[in-house]
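J.: Pasting a structure here, questions to come.
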Amino acid sequence: MSAASMSASSVAPFSGDDADLDRHVAPPDWVNPTPAKRYHLVVIGAGPAGLVAAAGAAGLGAKVALIEKRRLGGDCLNFGCVPSKALLKSARVMATMRNASGFGVEVPNGTRVDFAAVMRRMRALRAALAPHDSAERFRRPALTRSTSMGRRCDSVEP
Ligand SMILES: Cc1cc2nc3c(=O)[nH]c(=O)nc-3n(C[C@H](O)[C@H](O)[C@H](O)COP(=O)(O)OP(=O)(O)OC[C@H]3O[C@@H](n4cnc5c(N)ncnc54)[C@H](O)[C@@H]3O)c2cc1C
């Protein structure tokens, strides 16, 4: 996307969708539990790897502590896979529009990227996917979270 084809409108740093995202993956009203004395498994980091490891172990009956210092979902949901693919899709749509005449399709002049709208779409998609990685989901059948040395700790108990 060239700078010239982008909208000049600003991109809000924090949207309603971001609040939804936080509600799922970093609930502001989360109450930390008293940690258990022993766990079968302690997983540090609730990115894709940690979530799968914790859920898998809990599914096998293990008592699991899942520790996350920022947002459940890790890089993939919050900064990596999901946001980048949303942005790439918009870039591809624009590229297709630019090359449309090569396919025999006439596109009206003035086609441009509204970057604020691109970012809104990305944030909406991220919020829509957040329930899959959410504290609510990993609370089941029982999930507790505590803070230890400034870190949040989620435990999934069978
Ligand atoms: C721009 C971009 C695009 C990507 N696109 C794709 C894609 O399309 N497909 C794909 O398969 N992969 C993609 N990836 C890679 C993917 O994001 C990673 O492979 C994946 O997130 C790794 O998961 P993870 O759980 O190992 O680590 P992470 O996702 O990095 O999660 C680690 C978690 O641990 C937490 N943590 C770290 N230290 C501590 C600590 N001391 N205490 C508590 N918590 C801690 C972090 O806050 C984080 O939440 C992309 C990555 C980027 C950057």
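By order in the structure tokens, chains are A, B, ...; within a chain, residues start at 1; ligands start at 1, following the order shown.
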Enumerate as a list in words the residues within 8 Å of ligand 1, counting only C-alpha atoms and all ligand atoms.

T.: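 The neighbouring residues of ligand 1 are, in order, Ile44, Gly45, Ala46, Gly47, Pro48, Ala49, Gly50, Leu51, Ile67, Glu68, Lys69, Arg70, Arg71, Leu72, Gly73, Gly74, Asp75, Cys76, Leu77, Phe79, Gly80, Cys81, Val82, Pro83, Ser84, Lys85, Arg151, Arg152 and Cys153 of chain A.
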
J.: For N, CA and C atoms, I'd like the residues from the last selection saved as a short mmCIF file (atom, residue, chain, number, x, y, z; two decimals), in the first residue's frame.

T.:
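The resulting file, part-v1.cif, is reproduced below:
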```cif
data_model
loop_
_atom_site.label_atom_id
_atom_site.label_comp_id
_atom_site.auth_asym_id
_atom_site.auth_seq_id
_atom_site.Cartn_x
_atom_site.Cartn_y
_atom_site.Cartn_z
N ILE A 44 4.68 -21.93 31.70
CA ILE A 44 4.96 -20.49 31.71
C ILE A 44 4.76 -19.95 30.30
N GLY A 45 3.75 -19.11 30.15
CA GLY A 45 3.45 -18.52 28.85
C GLY A 45 2.20 -19.15 28.25
N ALA A 46 1.16 -18.32 28.06
CA ALA A 46 -0.10 -18.83 27.52
C ALA A 46 -0.27 -18.43 26.06
N GLY A 47 0.80 -18.63 25.28
CA GLY A 47 0.69 -18.53 23.83
C GLY A 47 0.10 -19.82 23.30
N PRO A 48 0.10 -20.01 21.99
CA PRO A 48 -0.46 -21.24 21.43
C PRO A 48 0.14 -22.50 22.06
N ALA A 49 1.46 -22.50 22.25
CA ALA A 49 2.11 -23.69 22.81
C ALA A 49 1.65 -23.95 24.24
N GLY A 50 1.65 -22.89 25.06
CA GLY A 50 1.27 -23.04 26.46
C GLY A 50 -0.19 -23.44 26.62
N LEU A 51 -1.05 -22.85 25.80
CA LEU A 51 -2.47 -23.17 25.91
C LEU A 51 -2.74 -24.62 25.55
N ILE A 67 0.88 -19.91 33.56
CA ILE A 67 1.32 -18.57 33.96
C ILE A 67 1.43 -17.67 32.73
N GLU A 68 0.77 -16.52 32.78
CA GLU A 68 0.85 -15.57 31.66
C GLU A 68 1.01 -14.16 32.20
N LYS A 69 1.99 -13.46 31.68
CA LYS A 69 2.24 -12.11 32.22
C LYS A 69 1.52 -11.02 31.43
N ARG A 70 1.07 -11.33 30.20
CA ARG A 70 0.41 -10.28 29.42
C ARG A 70 -0.98 -10.71 28.99
N ARG A 71 -1.08 -11.31 27.80
CA ARG A 71 -2.39 -11.69 27.28
C ARG A 71 -2.39 -13.14 26.86
N LEU A 72 -3.42 -13.89 27.27
CA LEU A 72 -3.59 -15.24 26.77
C LEU A 72 -3.64 -15.18 25.24
N GLY A 73 -3.13 -16.22 24.61
CA GLY A 73 -3.09 -16.22 23.14
C GLY A 73 -1.72 -15.86 22.60
N GLY A 74 -0.90 -15.19 23.44
CA GLY A 74 0.48 -14.91 23.05
C GLY A 74 0.60 -14.08 21.78
N ASP A 75 1.71 -14.26 21.11
CA ASP A 75 1.98 -13.50 19.88
C ASP A 75 0.94 -13.77 18.81
N CYS A 76 0.52 -15.01 18.71
CA CYS A 76 -0.29 -15.41 17.56
C CYS A 76 -1.60 -14.62 17.50
N LEU A 77 -2.33 -14.62 18.58
CA LEU A 77 -3.61 -13.91 18.58
C LEU A 77 -3.41 -12.40 18.64
N PHE A 79 -0.48 -10.23 18.37
CA PHE A 79 0.44 -9.41 17.57
C PHE A 79 0.85 -10.06 16.25
N GLY A 80 0.77 -11.38 16.17
CA GLY A 80 1.36 -12.10 15.03
C GLY A 80 0.38 -12.60 14.00
N CYS A 81 0.08 -13.90 14.07
CA CYS A 81 -0.69 -14.56 13.01
C CYS A 81 -1.97 -13.83 12.65
N VAL A 82 -2.80 -13.60 13.62
CA VAL A 82 -4.14 -13.05 13.34
C VAL A 82 -4.07 -11.61 12.82
N PRO A 83 -3.40 -10.69 13.54
CA PRO A 83 -3.33 -9.33 13.01
C PRO A 83 -2.65 -9.25 11.65
N SER A 84 -1.55 -9.99 11.48
CA SER A 84 -0.81 -9.86 10.22
C SER A 84 -1.62 -10.38 9.04
N LYS A 85 -2.36 -11.48 9.26
CA LYS A 85 -3.16 -12.02 8.15
C LYS A 85 -4.32 -11.10 7.80
N ARG A 151 3.59 -11.50 37.92
CA ARG A 151 3.10 -12.27 36.81
C ARG A 151 1.75 -12.87 37.16
N ARG A 152 0.92 -13.00 36.13
CA ARG A 152 -0.35 -13.67 36.36
C ARG A 152 -0.13 -15.16 36.23
N CYS A 153 -0.90 -15.90 36.96
CA CYS A 153 -0.76 -17.35 36.94
C CYS A 153 -2.14 -17.98 36.79
#
```

J.: Skipping near chain neighbours, those fewer than 3 positions away, what residues fall within 12 Å of Ala86 of chain A using only C-alpha atoms, listed as a list in words?

T.: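 Returned residues: Leu77, Asn78, Phe79, Gly80, Cys81, Val82, Pro83, Lys89, Ser90, Ala91, Arg92, Val93, Ala117, Val118, Met119, Arg120, Arg121, Met122, Arg123, Ala124, Leu125 and Arg126 of chain A.
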
J.: Limited to N, CA and C atoms, could you put the picked residues into a file as a PDB file, in the first residue's frame?

T.:
```pdb
ATOM      1  N   LEU A  77      -2.333 -14.618  18.579  1.00  0.00           N
ATOM      2  CA  LEU A  77      -3.609 -13.908  18.583  1.00  0.00           C
ATOM      3  C   LEU A  77      -3.407 -12.399  18.642  1.00  0.00           C
ATOM      4  N   ASN A  78      -2.487 -11.949  19.475  1.00  0.00           N
ATOM      5  CA  ASN A  78      -2.434 -10.528  19.796  1.00  0.00           C
ATOM      6  C   ASN A  78      -1.598  -9.677  18.853  1.00  0.00           C
ATOM      7  N   PHE A  79      -0.479 -10.233  18.367  1.00  0.00           N
ATOM      8  CA  PHE A  79       0.440  -9.409  17.566  1.00  0.00           C
ATOM      9  C   PHE A  79       0.854 -10.064  16.250  1.00  0.00           C
ATOM     10  N   GLY A  80       0.772 -11.382  16.168  1.00  0.00           N
ATOM     11  CA  GLY A  80       1.357 -12.105  15.032  1.00  0.00           C
ATOM     12  C   GLY A  80       0.380 -12.603  13.999  1.00  0.00           C
ATOM     13  N   CYS A  81       0.084 -13.899  14.071  1.00  0.00           N
ATOM     14  CA  CYS A  81      -0.687 -14.563  13.008  1.00  0.00           C
ATOM     15  C   CYS A  81      -1.971 -13.827  12.646  1.00  0.00           C
ATOM     16  N   VAL A  82      -2.804 -13.597  13.621  1.00  0.00           N
ATOM     17  CA  VAL A  82      -4.141 -13.054  13.343  1.00  0.00           C
ATOM     18  C   VAL A  82      -4.068 -11.608  12.821  1.00  0.00           C
ATOM     19  N   PRO A  83      -3.400 -10.690  13.543  1.00  0.00           N
ATOM     20  CA  PRO A  83      -3.332  -9.326  13.013  1.00  0.00           C
ATOM     21  C   PRO A  83      -2.651  -9.251  11.649  1.00  0.00           C
ATOM     22  N   LYS A  89      -4.635  -9.468   4.084  1.00  0.00           N
ATOM     23  CA  LYS A  89      -5.832  -9.641   3.256  1.00  0.00           C
ATOM     24  C   LYS A  89      -6.239  -8.314   2.622  1.00  0.00           C
ATOM     25  N   SER A  90      -6.205  -7.248   3.439  1.00  0.00           N
ATOM     26  CA  SER A  90      -6.557  -5.938   2.900  1.00  0.00           C
ATOM     27  C   SER A  90      -5.567  -5.522   1.815  1.00  0.00           C
ATOM     28  N   ALA A  91      -4.279  -5.795   2.032  1.00  0.00           N
ATOM     29  CA  ALA A  91      -3.264  -5.456   1.031  1.00  0.00           C
ATOM     30  C   ALA A  91      -3.515  -6.229  -0.264  1.00  0.00           C
ATOM     31  N   ARG A  92      -3.915  -7.481  -0.122  1.00  0.00           N
ATOM     32  CA  ARG A  92      -4.168  -8.300  -1.322  1.00  0.00           C
ATOM     33  C   ARG A  92      -5.387  -7.800  -2.089  1.00  0.00           C
ATOM     34  N   VAL A  93      -6.400  -7.397  -1.334  1.00  0.00           N
ATOM     35  CA  VAL A  93      -7.593  -6.860  -2.002  1.00  0.00           C
ATOM     36  C   VAL A  93      -7.211  -5.618  -2.799  1.00  0.00           C
ATOM     37  N   ALA A 117      -9.975   1.935   8.605  1.00  0.00           N
ATOM     38  CA  ALA A 117     -10.954   0.847   8.455  1.00  0.00           C
ATOM     39  C   ALA A 117     -10.251  -0.512   8.442  1.00  0.00           C
ATOM     40  N   VAL A 118      -9.065  -0.545   7.831  1.00  0.00           N
ATOM     41  CA  VAL A 118      -8.273  -1.786   7.824  1.00  0.00           C
ATOM     42  C   VAL A 118      -7.951  -2.197   9.268  1.00  0.00           C
ATOM     43  N   MET A 119      -7.533  -1.228  10.061  1.00  0.00           N
ATOM     44  CA  MET A 119      -7.195  -1.518  11.460  1.00  0.00           C
ATOM     45  C   MET A 119      -8.432  -1.900  12.273  1.00  0.00           C
ATOM     46  N   ARG A 120      -9.554  -1.251  11.965  1.00  0.00           N
ATOM     47  CA  ARG A 120     -10.796  -1.616  12.679  1.00  0.00           C
ATOM     48  C   ARG A 120     -11.159  -3.062  12.385  1.00  0.00           C
ATOM     49  N   ARG A 121     -11.026  -3.454  11.107  1.00  0.00           N
ATOM     50  CA  ARG A 121     -11.342  -4.841  10.738  1.00  0.00           C
ATOM     51  C   ARG A 121     -10.410  -5.809  11.476  1.00  0.00           C
ATOM     52  N   MET A 122      -9.126  -5.470  11.514  1.00  0.00           N
ATOM     53  CA  MET A 122      -8.164  -6.336  12.186  1.00  0.00           C
ATOM     54  C   MET A 122      -8.532  -6.491  13.658  1.00  0.00           C
ATOM     55  N   ARG A 123      -8.875  -5.368  14.292  1.00  0.00           N
ATOM     56  CA  ARG A 123      -9.200  -5.429  15.729  1.00  0.00           C
ATOM     57  C   ARG A 123     -10.482  -6.216  15.970  1.00  0.00           C
ATOM     58  N   ALA A 124     -11.430  -6.076  15.063  1.00  0.00           N
ATOM     59  CA  ALA A 124     -12.693  -6.812  15.206  1.00  0.00           C
ATOM     60  C   ALA A 124     -12.458  -8.315  15.055  1.00  0.00           C
ATOM     61  N   LEU A 125     -11.614  -8.688  14.079  1.00  0.00           N
ATOM     62  CA  LEU A 125     -11.313 -10.113  13.881  1.00  0.00           C
ATOM     63  C   LEU A 125     -10.610 -10.696  15.101  1.00  0.00           C
ATOM     64  N   ARG A 126      -9.658  -9.945  15.616  1.00  0.00           N
ATOM     65  CA  ARG A 126      -8.897 -10.404  16.790  1.00  0.00           C
ATOM     66  C   ARG A 126      -9.830 -10.592  17.987  1.00  0.00           C
TER      67      ARG A 126
END
```

J.: Apply DSSP to the backbone of this structure and, from segment 23-154 of chain A, keep only the residues in helix (DSSP H, G or I); write these as number ranges by chain.

T.: A: 23-25, 48-59, 74-78, 81-98, 100-103, 115-133, 135-138

J.: Please return as a list of chain:residue names: the residues of segment 21-156 of chain A that backbone DSSP assigns to strand (DSSP E or B).

T.: A:Leu41, A:Val42, A:Val43, A:Ile44, A:Val64, A:Ala65, A:Leu66, A:Ile67, A:Glu68, A:Val113, A:Leu143, A:Thr144, A:Arg145, A:Ser146, A:Thr147, A:Ser148, A:Arg151, A:Arg152, A:Cys153, A:Asp154, A:Ser155, A:Val156

J.: So the first atom is atom CA of Ala135 of chain A and the second is atom CA of Leu60 of chain A; what is the distance between them in Å, to one decimal place?

T.: 19.6 Å

J.: Would you mind telling me which residue in A:Ala100, A:Ala127, A:Ala65, A:Val107 lies nearest to Thr34 of chain A when using only C-alpha atoms?

T.: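 That would be A:Ala65, the residue with the smallest distance to Thr34 of chain A.
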
J.: Could you please determine the separation between atom CA of Asp22 of chain A and atom CA of Phe138 of chain A in Å, to one decimal place?

T.: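 Computing it gives 14.7 Å between the two atoms.
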